[in-house]
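Visitor: What follows is a structure written as structure tokens; I'll ask about it next.
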Amino acid sequence: MEKFITLKDTAIPLVIENIDTDQIIPARFLKSTDKEGFGENLFRDWRFDKNGNPNEEFSLNDKKYTGSILVAGDNFGCGSSREHAAWALKAFGFKVIVSSYFADIFKGNALNNGLLPVQVSKEFLDSLFQSILENPKSELSIDLGNQKIEIPGKNLSEKFEIDPYKKTCMINGYDDIDFLISRKKAIKNFEEKQLEFLKEHSEENFV
Amino acid sequence: MKKTLFDKIWDAHVVETIPNGPNVLYIDKHLIHEVTSPQAFNELKERDIPVFRPDQIVATADHNTPTIDQHLPVKELLSRNQLRELSRNCEENNITLYGLGHPYNGIVHVIAPELGITQPGMTIVCGDSHTSTHGAFGTIAFGIGTSQVAQVFASQCLLLEKPKKLRINLNGKLKKGVLPKDVILYIISKLGTNSGTGYFCEYAGNVFEEMSMEGRMTVCNMSIEMGARGGLIAPDETTFEYIKGRKFAPKETEFKKMKAYWKTLNTDTDAVFDKEYSLEAEDIEPMITYGTNPGMGIKLTGKIPVNLGKSDLKSLEYMDFKEGESLINKTINYIFIGSCTNSRIEDFRIVAAYIKGKKKAENVNALIVPGSQQVAAQLRDEGLVQVFEEAGFTLRQPGCSACLAMNDDKIPEGEYCVSTSNRNFEGRQGQGSRTILASPLTAAATAIAGKITDFTKHLN
């Protein structure tokens with residue numbers, strides 16, 4: 001997995017709440033058996049009309065907005081567990097998603113792909129939207145080590161939370177598989193104990 | 001310390017806890033399907049990691065499969081390729097696959113319970129957010145992403161923070177015509193689509209205790225639609241009776257022993273939840289949704305709320321509805337009865353009882369898709385197939401079908417579909433389609449009337 005430490009870039013605003021993963025990547029594009037090529041269908045039905053013409057009003061098509069940070073409304077990534085949503089955002093070029101709330105499964109999927117979800121307060125999210133809409137060239141900076149997101153031009157900043165274990169993984173580019181495999185001995189011990197536990201608990205209560 | 005049902009199961013599955021970090025949680029059963037597994041198999045192959053416990057994995061083909069002519073090769077090339085890849089991966093890794101045409105084939109969350117694979121006290125995962133369904137049996141069951149599918153392949157474990165605990169108490173007597181689907185749509189409409197994020201939800205109270213297993217599955221299935229990773233209901237005699245005698249359920253003495261253990265799986269009196277709600281059964285009426293997330297629900301005879309926010313207004317625009325509008329008498333040309341939420345035998349019995357002797361309205365396309373081959377067989381055995389045919393409903397072969405429209409079962413652009421599925425997201429049932437979520441009874445009544453109707457007036 002790619003390492004993530006700090007990022008300073010412009011951002012694209014998506015002022016919509018409850019964006020579900022069906023919008024991020026519609027189900028009809030989930031037929032691939034590899035992780036490639038999902039970027040072109042990111043937000044497919046919002047970016048393009050049914051004839052494939054770009055919807056110029058949609059912020060991802062609006063040339064004044066650029067950058068590798070997506071700033072989106074509350075409860076981003078709800079719905080389906082499809083990791084294709086994280087792959088599509090990553091392939092499109094996003095490295096960070098900022099919102100005031102993330103759905104659980106999406107958040108985990110993003111972190112497992114080196115895509116950083118930054119959860120901010122509703123007030124800070126409003127400031128971010130305001131700043132980007134006023135000046136699309138205004139930059140945001142994200143410092144994972146210090147868990148801080150900042151609008152340098154406005155002298156506004158906020159701390160964000162991240163699970164310490166996941167933070168270490170992001171900074172070092174580790175993923176969970178290597179760690180879990182290194183725990184095989186403990187897992188096998190657990191399996192033996194589980195058999196005993198079930199035997200004990202079922203016989204103890206069996207009359 | 002007093003423990004909740006969730007604590008008891010979770011704590012019994014913690015292999016170890018990483019200092020200042022997540023738990024290593026052991027997974028008893030891993031269910032897989034064609035759409036979210038291929039990249040996980042590839043990852044293992046690339047890293048030369050073997051599948052650790054193939055015996056604890058069960059595979060089915062359901063998401064992209066056609067619901068007609070399942071005995072023929074799948075026409076659509078990409079779907080066929082994905083299904084072929086699943087077969088190959090299962091064969092190479094000694095994983096049991098109930099593929100297309102197999103008598104046990106069907107929607108993953110329908111087949112595991114009906115085969116007795118799902119049992120109380122287990123941890124169950126699947127690369128599908130509606131894995132929460134299995135919580136109906138008193139299990140910790142939740143959807144995972146493909147990276148996590150690979151982790152479970154490699155280690156039979158996941159690294160997870162223990163979620164917070166939420167309890168929803170529902171007591172009282174449900175009104176006539178109110179089904180489990182209405183109960184969960186009501187709960188989500190009251191609490192909102194992200195009220196459960198970060199939580200596992202226990203459903204408690206006499207309403208759930210009196211519910212059938214099918215009904216409990218419908219409720220737990222939609223836990224994810226309020227953001228909860230999973231939902232669960234304490235196992236009881238109803239649960240044990242459902243499991244008894246099923247293909248992979250423990251047999252005879254072993255069953256009795258396991259039942260003794262399962263009986264210990266409940267929340268201790270005075271156990272503490274991080275959040276708790278109490279609702280009254282009498283307040284619930286048949287429900288429908290008017291927007292593009294499952295939280296946007298109203299009672300069938302209600303009006304769309306006014307003074308909505310910007311995102312909700314965008315939803316209404318997509319649906320072509322107006323604030324303050326009632327949906328009664330709205331013409332509907334499509335109804336879909338199926339999906340992992342409502343495609344079990346009980347759902348179809350309710351539909352059949354309502355439509356028997358009636359005919360669907362001429363304008364309506366009524367699609368019935370059973371959840372599994374076993375449910376399809378039950379429909380034949382109980383004579384329901386004939387009831388559907390006589391009413392002019394179209395009966396298809398099992399699969400996820402028009403719930404997510406990965407196959408050819410799509411609702412055309414601009415058309416409304418009263419659907420028993422779980423999501424009314426934009427384009428969920430086909431590009432430009434407009435979904436109105438409802439119970440099987442509401443969907444059946446809509447098909448007969450050709451429009452949304454207050455059927456409760458005609459119930460005996």
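FYI, nothing fancy with the structure tokens labels: chains A, B, ... in order, residues from 1 per chain, ligands from 1 as they appear.
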From stretch 1-197 of chain A, collect each residue whose DSSP state is helix (DSSP H, G or I) and return the set as number ranges by chain.
Guide: A: 21-24, 27-29, 39-41, 44-47, 84-92, 104-111, 122-134, 152-154, 164-172, 176-182, 184-197
Visitor: With only C-alpha atoms as the counted atoms, please give the residues lying no more than 8 Å from stretch 65-70 of chain A, apart from itself and same-chain residues fewer than 4 positions off, as a list in words.
Guide: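 The residues that qualify are Asp9, Thr10, Ala11, Ile12, Pro13, Leu14, Ser59, Leu60, Gly93, Phe94, Lys95, Val96, Ile97, Val98, Pro136 and Lys137 of chain A.
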Visitor: Which residues are close to stretch 138-147 of chain B, i.e. within 6 Å by only C-alpha atoms, leaving aside same-chain residues fewer than 3 positions away? Reply as a ChimeraX atom specification.
Guide: /A:81,83,109 /B:36,40,120-129,131-132,134-135,150,229-230,232-235
Visitor: When you draw a straight line from atom CA of B:Val15 to atom CA of A:Asp178, how long is it in Å?
Guide: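 So the two atoms, atom CA of B:Val15 and atom CA of A:Asp178, lie 16.2 Å apart.
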Visitor: Nearest residue to A:Phe160 out of A:Phe124, A:Trp87, A:Phe190, A:Phe129, using only C-alpha atoms?
Guide: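 Once distances to A:Phe160 are computed over only C-alpha atoms, the minimum belongs to A:Phe124.
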Visitor: Go through B:Lys247, B:Lys359, B:Arg434, B:Arg84 and flag the residue nearest chain A, using only C-alpha atoms for the distances.
Guide: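 Once distances to chain A are computed over only C-alpha atoms, the minimum belongs to B:Arg84.
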Visitor: Quick one: residues within 9 Å of stretch 70-83 of chain B, only C-alpha atoms counted, chain neighbours fewer than 2 positions away excluded, as a compact mmCIF listing (two decimals) with N, CA, C and O atoms, in the first residue's frame?
Guide:
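What ended up in result-v5.txt:
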# COMPACT_ATOMS: atom_id res chain seq x y z
N LYS A 31 -18.52 -5.49 -12.67
CA LYS A 31 -18.34 -6.83 -13.25
C LYS A 31 -16.90 -7.18 -13.56
O LYS A 31 -16.61 -8.23 -14.12
N SER A 32 -16.01 -6.29 -13.20
CA SER A 32 -14.59 -6.56 -13.45
C SER A 32 -14.05 -7.53 -12.39
O SER A 32 -14.57 -7.61 -11.28
N THR A 33 -13.00 -8.25 -12.73
CA THR A 33 -12.41 -9.15 -11.75
C THR A 33 -11.05 -8.63 -11.27
O THR A 33 -10.34 -9.32 -10.56
N HIS B 33 -19.50 -14.35 -2.80
CA HIS B 33 -20.23 -14.39 -4.07
C HIS B 33 -19.33 -13.84 -5.18
O HIS B 33 -18.20 -13.41 -4.92
N GLU B 34 -19.88 -13.81 -6.40
CA GLU B 34 -19.03 -13.54 -7.57
C GLU B 34 -18.49 -12.12 -7.67
O GLU B 34 -17.45 -11.90 -8.29
N VAL B 35 -19.18 -11.14 -7.07
CA VAL B 35 -18.82 -9.74 -7.36
C VAL B 35 -17.70 -9.19 -6.48
O VAL B 35 -16.83 -8.47 -6.96
N PRO B 38 -13.41 -11.81 -6.48
CA PRO B 38 -12.29 -12.10 -7.39
C PRO B 38 -11.00 -11.34 -7.06
O PRO B 38 -9.91 -11.93 -7.08
N ALA B 61 -23.57 -17.97 -6.32
CA ALA B 61 -23.62 -16.98 -7.40
C ALA B 61 -25.00 -16.35 -7.34
O ALA B 61 -26.00 -17.06 -7.40
N ASN B 64 -25.07 -11.08 -10.12
CA ASN B 64 -25.18 -10.70 -11.54
C ASN B 64 -25.92 -11.74 -12.38
O ASN B 64 -26.00 -11.63 -13.60
N THR B 65 -26.46 -12.77 -11.74
CA THR B 65 -27.01 -13.91 -12.47
C THR B 65 -28.36 -13.58 -13.11
O THR B 65 -29.17 -12.86 -12.54
N PRO B 66 -28.62 -14.13 -14.30
CA PRO B 66 -29.92 -13.91 -14.93
C PRO B 66 -31.01 -14.66 -14.16
O PRO B 66 -30.71 -15.64 -13.47
N THR B 67 -32.26 -14.23 -14.31
CA THR B 67 -33.36 -14.93 -13.62
C THR B 67 -34.24 -15.68 -14.62
O THR B 67 -35.33 -16.12 -14.28
N ILE B 68 -33.74 -15.78 -15.87
CA ILE B 68 -34.41 -16.67 -16.84
C ILE B 68 -33.35 -17.56 -17.48
O ILE B 68 -32.18 -17.17 -17.57
N GLU B 85 -14.87 -17.19 -13.07
CA GLU B 85 -13.77 -16.92 -12.14
C GLU B 85 -14.10 -17.44 -10.73
O GLU B 85 -13.25 -18.01 -10.05
N LEU B 86 -15.36 -17.25 -10.31
CA LEU B 86 -15.77 -17.75 -8.99
C LEU B 86 -15.64 -19.27 -8.94
O LEU B 86 -15.09 -19.82 -7.98
N SER B 87 -16.12 -19.94 -9.99
CA SER B 87 -16.04 -21.40 -10.03
C SER B 87 -14.58 -21.85 -9.96
O SER B 87 -14.23 -22.75 -9.20
N ARG B 88 -13.74 -21.19 -10.74
CA ARG B 88 -12.33 -21.57 -10.79
C ARG B 88 -11.66 -21.35 -9.43
O ARG B 88 -10.95 -22.22 -8.91
N GLY B 99 -23.36 -23.01 -7.12
CA GLY B 99 -23.45 -22.18 -8.32
C GLY B 99 -24.82 -22.24 -8.97
O GLY B 99 -25.73 -22.93 -8.50
N LEU B 100 -24.93 -21.51 -10.06
CA LEU B 100 -26.18 -21.43 -10.81
C LEU B 100 -26.69 -22.83 -11.14
O LEU B 100 -25.95 -23.66 -11.64
N GLY B 101 -27.95 -23.08 -10.84
CA GLY B 101 -28.54 -24.38 -11.17
C GLY B 101 -28.47 -25.39 -10.03
O GLY B 101 -29.21 -26.36 -10.01
N GLN B 397 -36.51 -17.02 -11.86
CA GLN B 397 -35.61 -17.90 -11.11
C GLN B 397 -34.83 -17.06 -10.08
O GLN B 397 -34.73 -15.85 -10.22
N MET B 406 -27.97 -5.66 -11.64
CA MET B 406 -26.70 -6.01 -12.30
C MET B 406 -26.96 -6.93 -13.48
O MET B 406 -26.12 -7.08 -14.34
N ASN B 407 -28.11 -7.59 -13.48
CA ASN B 407 -28.47 -8.44 -14.63
C ASN B 407 -29.45 -7.66 -15.51
O ASN B 407 -29.49 -6.43 -15.45
Visitor: List as a list of chain:residue names the protein and nucleic acid residues near A:Phe106, meaning an atom at most 9 Å away when only C-alpha atoms are counted, but skip any in the same chain fewer than 2 places from it.
Guide: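 Final neighbour list, sorted by chain and number: A:Thr21, A:Phe76, A:Gly77, A:Cys78, A:Gly79, A:Ser80, A:Ser81, A:Arg82, A:Glu83, A:Ala85, A:Ala86, A:Phe102, A:Ala103, A:Asp104, A:Gly108, A:Asn109, A:Ala110, A:Leu111, B:Gly145.
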Visitor: With only C-alpha atoms as the basis for distance, which of B:Ile328, B:Leu313, B:Ile350, B:Ala444 is at the shortest distance from chain A?
Guide: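 Looking only at the distances to chain A, the closest residue turns out to be B:Leu313.
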Visitor: Pick from B:Leu191, B:Ile368, B:Ala154, B:Val375: nearest to B:Met296, with only C-alpha atoms counted?
Guide: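 Going through B:Leu191, B:Ile368, B:Ala154, B:Val375 one by one, the smallest distance to B:Met296 is for B:Leu191.
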Visitor: Got a sec: who's within 9 Å of B:Gln374, counting only C-alpha atoms, leaving out chain neighbours fewer than 4 positions off, as a ChimeraX atom specification?
Guide: /B:103-106,111,114,370,378-379
Visitor: Between atom CA of B:Thr456 and atom CA of B:Glu282, measure the distance and give it in Å to one decimal.
Guide: 14.7 Å
Visitor: Atom CA of A:Gln23 and atom CA of A:Ile149, how far apart in Å?
Guide: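 Straight-line distance from atom CA of A:Ile149 to atom CA of A:Gln23 works out to 26.4 Å.
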Visitor: Would you mind listing what lies within 9 Å of A:Asp176 as a VMD selection string, with only C-alpha atoms counted and same-chain residues fewer than 4 positions away left out?
Guide: (chain A and resid 112 169 180 to 181) or (chain B and resid 147 to 148 151 158 to 159)
